[in-house]
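What follows is entry.cif (mmCIF, C-alpha atoms and all ligand atoms).
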```
data_start
loop_
_atom_site.label_atom_id
_atom_site.label_comp_id
_atom_site.auth_asym_id
_atom_site.auth_seq_id
_atom_site.Cartn_x
_atom_site.Cartn_y
_atom_site.Cartn_z
CA MET A 1 0.00 0.00 0.00
CA SER A 2 1.41 3.39 -0.89
CA HIS A 3 1.60 5.91 1.87
CA PRO A 4 2.01 9.63 2.04
CA SER A 5 5.75 10.23 2.48
CA SER A 6 4.94 11.79 5.83
CA LEU A 7 3.98 8.46 7.45
CA SER A 8 7.40 8.03 9.02
CA ASP A 9 6.92 11.43 10.68
CA ALA A 10 3.41 10.60 11.87
CA GLN A 11 2.52 9.89 15.49
CA LEU A 12 2.89 6.30 16.73
CA ASP A 13 -0.91 5.91 16.92
CA THR A 14 -1.13 6.78 13.24
CA ARG A 15 1.72 4.54 12.20
CA LEU A 16 0.19 1.63 14.14
CA GLN A 17 -2.91 1.85 11.94
CA HIS A 18 -1.00 2.00 8.66
CA LEU A 19 1.94 -0.37 9.08
CA GLY A 20 1.83 -3.81 7.52
CA LEU A 21 -1.36 -3.38 5.49
CA ALA A 22 -1.86 -5.64 2.47
CA ASP A 23 -0.35 -4.57 -0.86
CA LEU A 24 -2.60 -3.51 -3.73
CA ASP A 25 -2.76 -5.85 -6.73
CA PRO A 26 -0.69 -4.15 -9.46
CA GLY A 27 -3.21 -5.32 -12.11
CA THR A 28 -6.47 -4.21 -10.53
CA GLY A 29 -5.14 -1.52 -8.23
CA ALA A 30 -7.25 -3.03 -5.46
CA GLY A 31 -6.65 -5.08 -2.35
CA PRO A 32 -7.84 -5.82 1.16
CA VAL A 33 -6.92 -3.65 4.11
CA ALA A 34 -5.55 -6.42 6.31
CA GLN A 35 -2.54 -8.51 5.47
CA PRO A 36 -3.78 -12.09 5.03
CA SER A 37 -2.39 -14.94 7.13
CA VAL A 38 0.29 -16.28 4.81
CA ARG A 39 0.71 -19.88 5.95
CA THR A 40 3.59 -21.78 4.49
CA SER A 41 6.24 -24.32 5.35
CA THR A 42 8.11 -23.99 2.07
CA VAL A 43 9.17 -20.96 0.09
CA ARG A 44 9.42 -21.40 -3.69
CA PHE A 45 11.59 -19.34 -6.00
CA ARG A 46 11.18 -18.15 -9.58
CA ASP A 47 14.76 -19.15 -10.38
CA LEU A 48 18.07 -19.87 -8.69
CA ALA A 49 19.09 -16.21 -8.94
CA ALA A 50 16.14 -15.31 -6.69
CA LEU A 51 17.12 -18.05 -4.26
CA ASP A 52 20.74 -16.83 -4.26
CA LYS A 53 19.58 -13.32 -3.43
CA ALA A 54 17.59 -14.59 -0.44
CA GLN A 55 20.54 -16.74 0.71
CA ALA A 56 22.87 -13.75 0.50
CA LEU A 57 20.56 -11.62 2.64
CA LYS A 58 20.22 -14.44 5.14
CA SER A 59 23.95 -14.99 5.40
CA GLN A 60 24.33 -11.28 6.25
CA GLY A 61 21.92 -11.77 9.14
CA GLU A 62 19.14 -9.86 7.33
CA ARG A 63 15.58 -11.02 6.72
CA GLY A 64 16.30 -13.33 3.78
CA VAL A 65 13.60 -15.95 3.58
CA THR A 66 14.64 -19.31 2.14
CA TYR A 67 12.28 -21.49 4.14
CA GLY A 68 8.96 -21.21 5.93
CA ARG A 69 10.16 -21.20 9.52
CA VAL A 70 10.84 -17.47 9.67
CA GLY A 71 7.55 -16.72 7.93
CA LEU A 72 6.58 -14.55 4.98
CA ASP A 73 4.52 -11.34 4.73
CA THR A 74 2.39 -11.76 7.85
CA HIS A 75 5.43 -12.34 10.04
CA ALA A 76 7.38 -9.54 8.34
CA ALA A 77 4.53 -7.10 8.96
CA LEU A 78 4.35 -8.03 12.64
CA GLU A 79 8.12 -7.69 13.00
CA LYS A 80 7.81 -4.17 11.59
CA VAL A 81 5.10 -3.36 14.11
CA PHE A 82 7.24 -4.57 17.03
CA CYS A 83 10.18 -2.50 15.74
CA GLU A 84 7.90 0.52 15.52
CA LEU A 85 6.49 -0.03 19.01
CA GLU A 86 9.85 -0.52 20.68
CA GLY A 87 11.86 1.89 18.56
CA ALA A 88 14.09 -1.02 17.50
CA GLN A 89 15.98 -1.85 14.32
CA ARG A 90 15.21 -5.56 14.46
CA SER A 91 12.60 -7.80 16.03
CA PHE A 92 12.42 -11.58 16.27
CA LEU A 93 9.21 -13.51 16.85
CA ALA A 94 8.89 -16.41 19.27
CA PRO A 95 6.00 -18.78 19.98
CA SER A 96 5.48 -17.46 23.54
CA GLY A 97 6.74 -14.75 25.84
CA LEU A 98 8.80 -17.24 27.83
CA SER A 99 10.43 -18.59 24.66
CA ALA A 100 11.32 -14.99 23.74
CA ILE A 101 13.07 -14.65 27.12
CA THR A 102 14.84 -17.96 26.44
CA LEU A 103 15.93 -16.66 23.04
CA ALA A 104 17.45 -13.49 24.50
CA LEU A 105 19.30 -15.37 27.24
CA MET A 106 20.54 -18.20 24.99
CA ALA A 107 21.68 -15.70 22.35
CA LEU A 108 23.60 -13.43 24.71
CA LEU A 109 25.01 -15.73 27.40
CA SER A 110 27.64 -18.45 27.06
CA ALA A 111 29.00 -21.16 29.34
CA GLY A 112 31.00 -19.54 32.12
CA ASP A 113 28.97 -16.32 32.06
CA HIS A 114 27.15 -14.82 35.02
CA ALA A 115 24.01 -12.67 34.82
CA LEU A 116 22.31 -10.45 37.38
CA VAL A 117 18.53 -10.83 37.42
CA ALA A 118 16.04 -8.47 39.06
CA ASP A 119 14.34 -10.31 41.91
CA CYS A 120 10.96 -8.94 40.74
CA ALA A 121 11.24 -10.52 37.26
CA TYR A 122 8.75 -13.01 35.87
CA GLY A 123 8.92 -16.16 38.03
CA PRO A 124 9.49 -18.80 35.31
CA VAL A 125 12.90 -17.21 34.57
CA ARG A 126 14.03 -18.96 37.76
CA TYR A 127 12.76 -22.22 36.34
CA LEU A 128 14.63 -21.66 33.07
CA ASP A 129 17.71 -21.06 35.22
CA LYS A 130 17.22 -24.17 37.35
CA ILE A 131 16.29 -26.58 34.55
CA VAL A 132 18.39 -25.36 31.61
CA LEU A 133 20.86 -22.52 32.15
CA SER A 134 22.54 -24.01 35.22
CA ARG A 135 23.13 -27.20 33.21
CA MET A 136 24.72 -25.13 30.44
CA GLY A 137 27.23 -23.52 32.78
CA VAL A 138 25.46 -20.14 33.01
CA GLU A 139 25.01 -18.69 36.48
CA LEU A 140 22.21 -16.29 37.49
CA SER A 141 22.02 -14.23 40.70
CA TYR A 142 18.77 -12.62 41.84
CA CYS A 143 19.04 -9.21 43.27
CA ARG A 144 17.14 -6.04 44.03
CA ALA A 145 17.48 -4.03 40.83
CA GLN A 146 19.25 -0.96 42.20
CA PRO A 147 22.84 -0.06 41.34
CA GLU A 148 24.20 -0.40 44.92
CA ALA A 149 22.65 -3.83 45.44
CA LEU A 150 23.70 -4.98 41.99
CA ARG A 151 27.28 -3.77 42.42
CA ALA A 152 27.65 -5.99 45.48
CA GLN A 153 26.87 -9.06 43.35
CA LEU A 154 29.05 -8.28 40.34
CA LYS A 155 31.58 -10.92 39.35
CA PRO A 156 34.45 -10.75 36.89
CA ASN A 157 32.35 -12.86 34.48
CA THR A 158 29.08 -10.89 34.82
CA ARG A 159 27.84 -10.19 31.29
CA MET A 160 24.16 -9.34 31.56
CA LEU A 161 21.63 -7.46 33.65
CA TYR A 162 18.14 -8.85 33.15
CA VAL A 163 15.22 -6.91 34.61
CA GLU A 164 11.49 -6.44 34.35
CA SER A 165 9.95 -3.06 35.01
CA PRO A 166 7.51 -2.67 36.61
CA GLY A 167 7.97 -6.00 38.43
CA SER A 168 5.78 -8.98 37.71
CA LEU A 169 3.67 -9.27 40.84
CA LEU A 170 3.96 -5.96 42.71
CA PHE A 171 4.70 -3.60 39.79
CA GLU A 172 7.80 -2.06 41.34
CA MET A 173 9.02 0.67 38.94
CA LEU A 174 12.73 0.36 38.24
CA ASP A 175 14.95 3.31 37.36
CA LEU A 176 15.89 2.08 33.88
CA PRO A 177 18.12 5.03 32.93
CA ALA A 178 20.13 4.48 36.16
CA LEU A 179 20.30 0.73 35.50
CA SER A 180 21.43 1.45 31.95
CA ARG A 181 24.27 3.66 33.24
CA PHE A 182 25.26 0.90 35.65
CA ALA A 183 25.19 -1.70 32.86
CA ARG A 184 27.30 0.48 30.56
CA GLU A 185 29.80 1.17 33.32
CA HIS A 186 30.31 -2.56 33.83
CA ASN A 187 29.99 -3.66 30.22
CA LEU A 188 26.78 -5.61 30.77
CA VAL A 189 24.07 -6.10 28.19
CA LEU A 190 20.79 -4.80 29.63
CA VAL A 191 17.74 -6.93 28.79
CA VAL A 192 14.29 -5.72 29.86
CA ASP A 193 11.05 -7.68 29.91
CA ASN A 194 8.61 -5.04 28.62
CA THR A 195 5.43 -7.10 28.68
CA TRP A 196 3.78 -4.56 31.02
CA GLY A 197 4.49 -1.68 28.65
CA ALA A 198 3.81 -3.63 25.45
CA GLY A 199 6.18 -1.20 23.72
CA TYR A 200 3.48 1.42 23.83
CA ILE A 201 3.39 3.02 27.28
CA TYR A 202 7.01 2.21 28.14
CA ARG A 203 9.98 2.03 25.78
CA PRO A 204 13.05 0.44 27.39
CA LEU A 205 15.37 0.89 24.37
CA ALA A 206 14.82 4.66 24.48
CA LEU A 207 15.62 4.54 28.22
CA GLY A 208 18.95 2.83 27.61
CA ALA A 209 18.22 -0.90 27.40
CA ASP A 210 19.97 -3.02 24.76
CA VAL A 211 17.22 -5.60 24.36
CA SER A 212 13.47 -5.51 25.00
CA VAL A 213 11.43 -8.68 25.35
CA VAL A 214 7.64 -8.69 25.10
CA ALA A 215 5.05 -11.39 25.71
CA GLY A 216 2.67 -10.52 22.86
CA THR A 217 0.34 -12.99 24.53
CA LYS A 218 -0.75 -10.16 26.82
CA TYR A 219 -1.70 -6.64 25.69
CA VAL A 220 -0.43 -6.87 22.10
CA GLY A 221 -2.74 -9.79 21.33
CA GLY A 222 -5.27 -8.35 23.72
CA HIS A 223 -7.93 -11.00 23.36
CA SER A 224 -6.65 -13.98 25.40
CA ASP A 225 -6.51 -16.15 22.31
CA LEU A 226 -2.89 -16.46 21.28
CA MET A 227 0.61 -17.15 22.59
CA LEU A 228 3.40 -15.04 21.13
CA GLY A 229 6.65 -13.35 22.08
CA ALA A 230 9.15 -10.98 20.51
CA VAL A 231 12.73 -9.87 21.14
CA MET A 232 13.81 -6.40 19.97
CA ALA A 233 17.26 -4.87 19.61
CA SER A 234 19.01 -2.11 17.68
CA ASP A 235 22.71 -2.75 18.17
CA PRO A 236 23.88 -4.70 15.07
CA ALA A 237 26.15 -7.12 16.97
CA ILE A 238 23.43 -7.95 19.51
CA ALA A 239 20.79 -8.28 16.79
CA ARG A 240 23.09 -10.60 14.85
CA ARG A 241 23.52 -12.93 17.83
CA ILE A 242 19.76 -13.04 18.37
CA ASN A 243 19.16 -13.56 14.64
CA ASP A 244 21.55 -16.50 14.45
CA THR A 245 20.34 -18.13 17.67
CA HIS A 246 16.72 -17.70 16.52
CA TYR A 247 17.57 -19.64 13.38
CA ALA A 248 19.76 -22.24 15.09
CA MET A 249 17.13 -23.07 17.71
CA GLY A 250 14.33 -23.48 15.17
CA TYR A 251 11.99 -20.79 16.46
CA ALA A 252 8.78 -20.61 14.44
CA VAL A 253 5.44 -18.83 14.94
CA SER A 254 2.20 -19.81 13.26
CA ALA A 255 1.10 -17.31 10.60
CA ASP A 256 -2.36 -17.33 12.18
CA ASP A 257 -0.93 -16.24 15.54
CA ALA A 258 1.12 -13.52 13.85
CA TRP A 259 -2.07 -12.43 12.10
CA LEU A 260 -4.00 -12.30 15.40
CA ALA A 261 -1.25 -10.19 16.96
CA LEU A 262 -1.33 -7.80 13.99
CA ARG A 263 -5.06 -7.54 14.35
CA GLY A 264 -4.78 -6.96 18.08
CA VAL A 265 -2.16 -4.26 17.89
CA ARG A 266 -4.41 -1.87 15.94
CA THR A 267 -6.52 -1.36 19.04
CA LEU A 268 -3.65 -1.48 21.55
CA PRO A 269 -3.70 2.31 22.17
CA ILE A 270 -7.39 2.55 22.94
CA ARG A 271 -7.52 -0.69 24.90
CA LEU A 272 -4.61 0.38 27.12
CA LYS A 273 -6.22 3.78 27.78
CA GLN A 274 -9.45 2.11 28.84
CA HIS A 275 -7.76 -0.58 30.97
CA ALA A 276 -5.74 2.17 32.68
CA ALA A 277 -8.78 4.35 33.36
CA ASN A 278 -10.72 1.38 34.73
CA ALA A 279 -7.82 0.27 36.95
CA LEU A 280 -7.47 3.77 38.44
CA GLU A 281 -11.15 3.81 39.24
CA VAL A 282 -10.79 0.46 40.98
CA CYS A 283 -7.79 1.86 42.91
CA ARG A 284 -9.93 4.77 44.12
CA PHE A 285 -12.57 2.33 45.32
CA LEU A 286 -10.03 0.03 46.99
CA ALA A 287 -8.44 2.98 48.80
CA SER A 288 -11.82 3.68 50.39
CA ARG A 289 -12.08 0.22 51.94
CA PRO A 290 -10.82 -0.58 55.45
CA GLU A 291 -9.68 -4.08 54.40
CA VAL A 292 -7.12 -2.61 52.00
CA ALA A 293 -3.61 -2.07 53.38
CA ARG A 294 -1.83 -1.02 50.22
CA ILE A 295 -2.26 -0.75 46.45
CA HIS A 296 0.54 -1.57 44.01
CA HIS A 297 -0.09 0.27 40.75
CA PRO A 298 2.50 2.78 39.48
CA ALA A 299 -0.12 5.17 38.09
CA TRP A 300 -1.67 5.40 41.56
CA PRO A 301 -0.27 8.57 43.19
CA GLN A 302 0.49 6.82 46.51
CA ASP A 303 2.56 4.11 44.82
CA PRO A 304 6.27 4.52 45.69
CA GLY A 305 7.13 4.15 42.00
CA HIS A 306 4.77 6.93 40.92
CA ALA A 307 7.46 9.56 40.26
CA LEU A 308 9.46 7.15 38.07
CA TRP A 309 6.25 6.18 36.29
CA GLN A 310 5.50 9.85 35.61
CA ARG A 311 9.01 10.40 34.32
CA ASP A 312 9.39 7.26 32.15
CA CYS A 313 5.92 6.04 31.10
CA THR A 314 3.35 7.56 28.80
CA GLY A 315 0.43 5.58 30.18
CA SER A 316 -0.63 2.68 32.31
CA ASN A 317 -2.66 -0.50 32.06
CA GLY A 318 -5.14 -2.68 33.93
CA MET A 319 -2.71 -4.42 36.27
CA LEU A 320 -2.67 -3.86 40.01
CA SER A 321 -1.97 -5.79 43.17
CA VAL A 322 -3.70 -5.16 46.44
CA GLU A 323 -2.57 -6.01 49.96
CA LEU A 324 -5.52 -7.03 52.08
CA LYS A 325 -5.64 -7.11 55.87
CA PHE A 326 -6.77 -10.70 55.54
CA ASP A 327 -5.18 -13.96 56.50
CA GLN A 328 -4.50 -16.33 53.62
CA GLU A 329 -7.78 -18.20 54.19
CA GLN A 330 -9.82 -14.97 53.95
CA ALA A 331 -7.86 -13.96 50.85
CA ARG A 332 -8.71 -17.26 49.21
CA ARG A 333 -12.37 -16.77 50.14
CA PHE A 334 -12.21 -13.28 48.56
CA VAL A 335 -10.84 -14.72 45.30
CA ASP A 336 -13.44 -17.48 45.20
CA ALA A 337 -16.26 -14.98 45.89
CA LEU A 338 -15.43 -12.80 42.87
CA GLN A 339 -17.83 -13.50 40.04
CA LEU A 340 -16.72 -11.26 37.17
CA PHE A 341 -13.04 -12.11 37.61
CA GLY A 342 -11.73 -15.29 36.09
CA ILE A 343 -9.29 -17.04 38.42
CA GLY A 344 -6.20 -17.42 36.30
CA PHE A 345 -2.70 -16.39 35.36
CA SER A 346 -1.89 -14.08 32.50
CA TRP A 347 -3.40 -10.69 31.67
CA GLY A 348 -3.91 -8.27 28.83
CA GLY A 349 -7.19 -9.64 27.48
CA TYR A 350 -10.52 -7.84 27.58
CA GLU A 351 -11.67 -9.73 30.66
CA SER A 352 -10.90 -9.21 34.32
CA LEU A 353 -8.69 -11.79 36.02
CA VAL A 354 -7.62 -12.47 39.59
CA GLN A 355 -4.56 -14.28 40.88
CA TRP A 356 -4.04 -15.16 44.52
CA VAL A 357 -0.35 -14.41 45.03
CA GLU A 358 1.41 -17.08 47.04
CA PRO A 359 3.43 -15.42 49.81
CA SER A 360 6.54 -17.38 48.79
CA SER A 361 6.48 -15.91 45.29
CA ILE A 362 6.90 -12.34 46.55
CA ALA A 363 9.00 -13.09 49.62
CA CYS A 364 11.99 -13.04 47.25
CA HIS A 365 11.32 -9.43 46.17
CA GLY A 366 13.69 -7.16 48.06
CA TYR A 367 11.04 -4.44 47.80
CA CYS A 368 8.24 -6.28 49.50
CA GLU A 369 7.09 -5.50 53.00
CA ALA A 370 3.70 -7.19 52.67
CA GLY A 371 4.27 -8.80 56.07
CA ASP A 372 1.12 -10.58 57.15
CA ASN A 373 -1.05 -8.96 54.50
CA ALA A 374 -2.44 -11.22 51.79
CA VAL A 375 -1.68 -10.13 48.23
CA VAL A 376 -4.07 -10.49 45.31
CA ARG A 377 -3.22 -9.46 41.75
CA LEU A 378 -6.01 -8.10 39.60
CA HIS A 379 -6.23 -7.51 35.88
CA ILE A 380 -8.97 -4.95 35.35
CA GLY A 381 -10.68 -5.71 32.06
CA LEU A 382 -12.96 -3.69 29.83
CA GLU A 383 -16.18 -4.45 31.70
CA SER A 384 -18.18 -1.59 33.22
CA THR A 385 -16.26 -0.45 36.31
CA GLN A 386 -19.58 -0.09 38.11
CA ASP A 387 -20.03 -3.87 37.86
CA VAL A 388 -16.38 -4.65 38.57
CA ILE A 389 -16.38 -2.51 41.71
CA ALA A 390 -19.68 -3.99 42.90
CA ASP A 391 -18.19 -7.45 42.43
CA ILE A 392 -15.07 -6.57 44.47
CA ALA A 393 -17.19 -4.97 47.20
CA ARG A 394 -19.37 -8.08 47.44
CA ALA A 395 -16.33 -10.37 47.59
CA LEU A 396 -14.65 -8.25 50.30
CA ASP A 397 -17.81 -8.49 52.39
CA ALA A 398 -18.03 -12.24 51.81
CA ALA A 399 -14.42 -12.79 52.85
CA ALA A 400 -14.41 -10.66 56.01
C1 LIG B 501 3.12 -13.75 30.67
C2 LIG B 501 4.45 -13.19 30.82
C3 LIG B 501 5.55 -13.75 30.19
C4 LIG B 501 5.46 -15.03 29.41
O1 LIG B 501 4.63 -14.97 28.30
P1 LIG B 501 3.95 -16.28 27.71
O2 LIG B 501 3.51 -15.88 26.37
O3 LIG B 501 2.85 -16.63 28.65
O4 LIG B 501 5.02 -17.34 27.68
C5 LIG B 501 6.77 -13.13 30.33
N1 LIG B 501 6.91 -12.02 31.05
C6 LIG B 501 5.88 -11.45 31.68
C7 LIG B 501 6.08 -10.21 32.46
C8 LIG B 501 4.61 -12.00 31.58
O5 LIG B 501 3.58 -11.43 32.23
#
```
Transcribe the structure of this file into structure tokens.
Amino acid sequence: MSHPSSLSDAQLDTRLQHLGLADLDPGTGAGPVAQPSVRTSTVRFRDLAALDKAQALKSQGERGVTYGRVGLDTHAALEKVFCELEGAQRSFLAPSGLSAITLALMALLSAGDHALVADCAYGPVRYLDKIVLSRMGVELSYCRAQPEALRAQLKPNTRMLYVESPGSLLFEMLDLPALSRFAREHNLVLVVDNTWGAGYIYRPLALGADVSVVAGTKYVGGHSDLMLGAVMASDPAIARRINDTHYAMGYAVSADDAWLALRGVRTLPIRLKQHAANALEVCRFLASRPEVARIHHPAWPQDPGHALWQRDCTGSNGMLSVELKFDQEQARRFVDALQLFGIGFSWGGYESLVQWVEPSSIACHGYCEAGDNAVVRLHIGLESTQDVIADIARALDAAA
């Protein structure tokens, strides 16, 4: 599709609606709006010269397609969208958010290397460490993601700082520019899980990160119906390592899932605005209740990360955690009494979700002083907040 030459100067919201549309048929001058799902396992070539050209691109680490695994137009369009979102030169698709994390770590760490990992990062990273990385001779240390704490755990072989901001369960805002300075000072590659920001409300590469990882499963997809991940980078040497590891490890994403993500991303801006507005309204309600000890949501003015959020983020989303003056039994009763909230992991779909947070899973966060309070994580969906708040009120009463 031809675009006014000004598209590259247009606002992100505009570009998100115009990137990766289907081409017009040169004969009829017509075509659909949406890129179709181009499913293929094999790529066929007009002649050997065309194949050679693709091979040459591929051997330079560029997007040269010689086989179906990397995908054709649908995948290429989604890669462009991720680059646009994250302000990256290259993006690589993975079949889930966790496999995107695996890709970044496998590409950038070698046997004998040590990496510092924020203690508030997505829990399954510890499982990847325990089951795979430790066996491959890579050592991870978990640490509060602040320069002084990190410095104390540096080793001569430390190569990477891996963080997630805000944190996975309590949404602790990290000072990414400060962490980036620390990483540069010690020659560490800084990898950030940006699933919370979805590349839209938070842009780690612009704040000094080398690599951004996103679970597209969440807000990018937005409809709780696909699994997808992406790894973004701009530095050519880093991108090359990710490119080659992506190929070597056989990563592949279904064209239909890439298509769903492309479809989802068009409404990412308006969905995030609505999720954020709904979550703030729920925060205001929660703050009025005597059972509530503390709210973890960086857009909430009382959150300790609020100033960093104001400085570094351009919006918020539907995620919040709430500390309740309940014992664990009451907290479980509260979760079971909610009717509009699905009990489940994940987030980013249109529906509200609740997760009872096991005390052991946040005890390892250096930031957490939940003490005896029970912690429940909520994803505030796109339902009417009147109904959502009435549901929470009813469940609080039932649990008390
Ligand atoms: C869900 C999630 C992931 C993993 O994504 P999947 O697609 O479920 O594998 C990674 N990081 C964060 C912060 C997540 O919330």
**OP:** Kindly indicate which residue among A:Asp257, A:Asp52, A:Asp312, A:Asp244 lies nearest to A:Pro204, using only C-alpha atoms for the distances.
**Re:**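 Between A:Asp257, A:Asp52, A:Asp312, A:Asp244, the residue approaching A:Pro204 most closely is A:Asp312.
Interatomic distance, atom CA of A:Trp196 to atom C5 of ligand LIG 501 (chain B): 9.1 Å.
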Which stretch 222-314 of chain A residues have any atom within 8 Å of an atom of stretch 382-395 of chain A, and for each, what is the nearest pair of atoms with distance in Å to one decimal, counting only C-alpha atoms, rows sorted by chain and number, as a Markdown table?
```
| residue | atom | partner | partner_atom | distance |
| --- | --- | --- | --- | --- |
| A:Arg271 | CA | A:Leu382 | CA | 7.9 |
| A:Gln274 | CA | A:Leu382 | CA | 6.9 |
| A:His275 | CA | A:Leu382 | CA | 6.2 |
| A:Asn278 | CA | A:Thr385 | CA | 6.0 |
| A:Glu281 | CA | A:Thr385 | CA | 7.3 |
| A:Val282 | CA | A:Ile389 | CA | 6.4 |
| A:Phe285 | CA | A:Ile389 | CA | 7.1 |
```
Subject >> Surroundings of ligand LIG 501 (chain B) up to 6 Å, based on all atoms listed in the file, as an MDAnalysis selection string >> reply: chainID A and resid 96:98 122 168 195 215 217 227:229 346
**OP:** Check the smallest atom-to-atom distance from each of A:Ala34, A:Leu154, A:Leu133, A:Leu174 to A:Leu103 using all atoms listed in the file, then report the winner.
**Re:**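 That would be A:Leu133, the residue with the smallest distance to A:Leu103.
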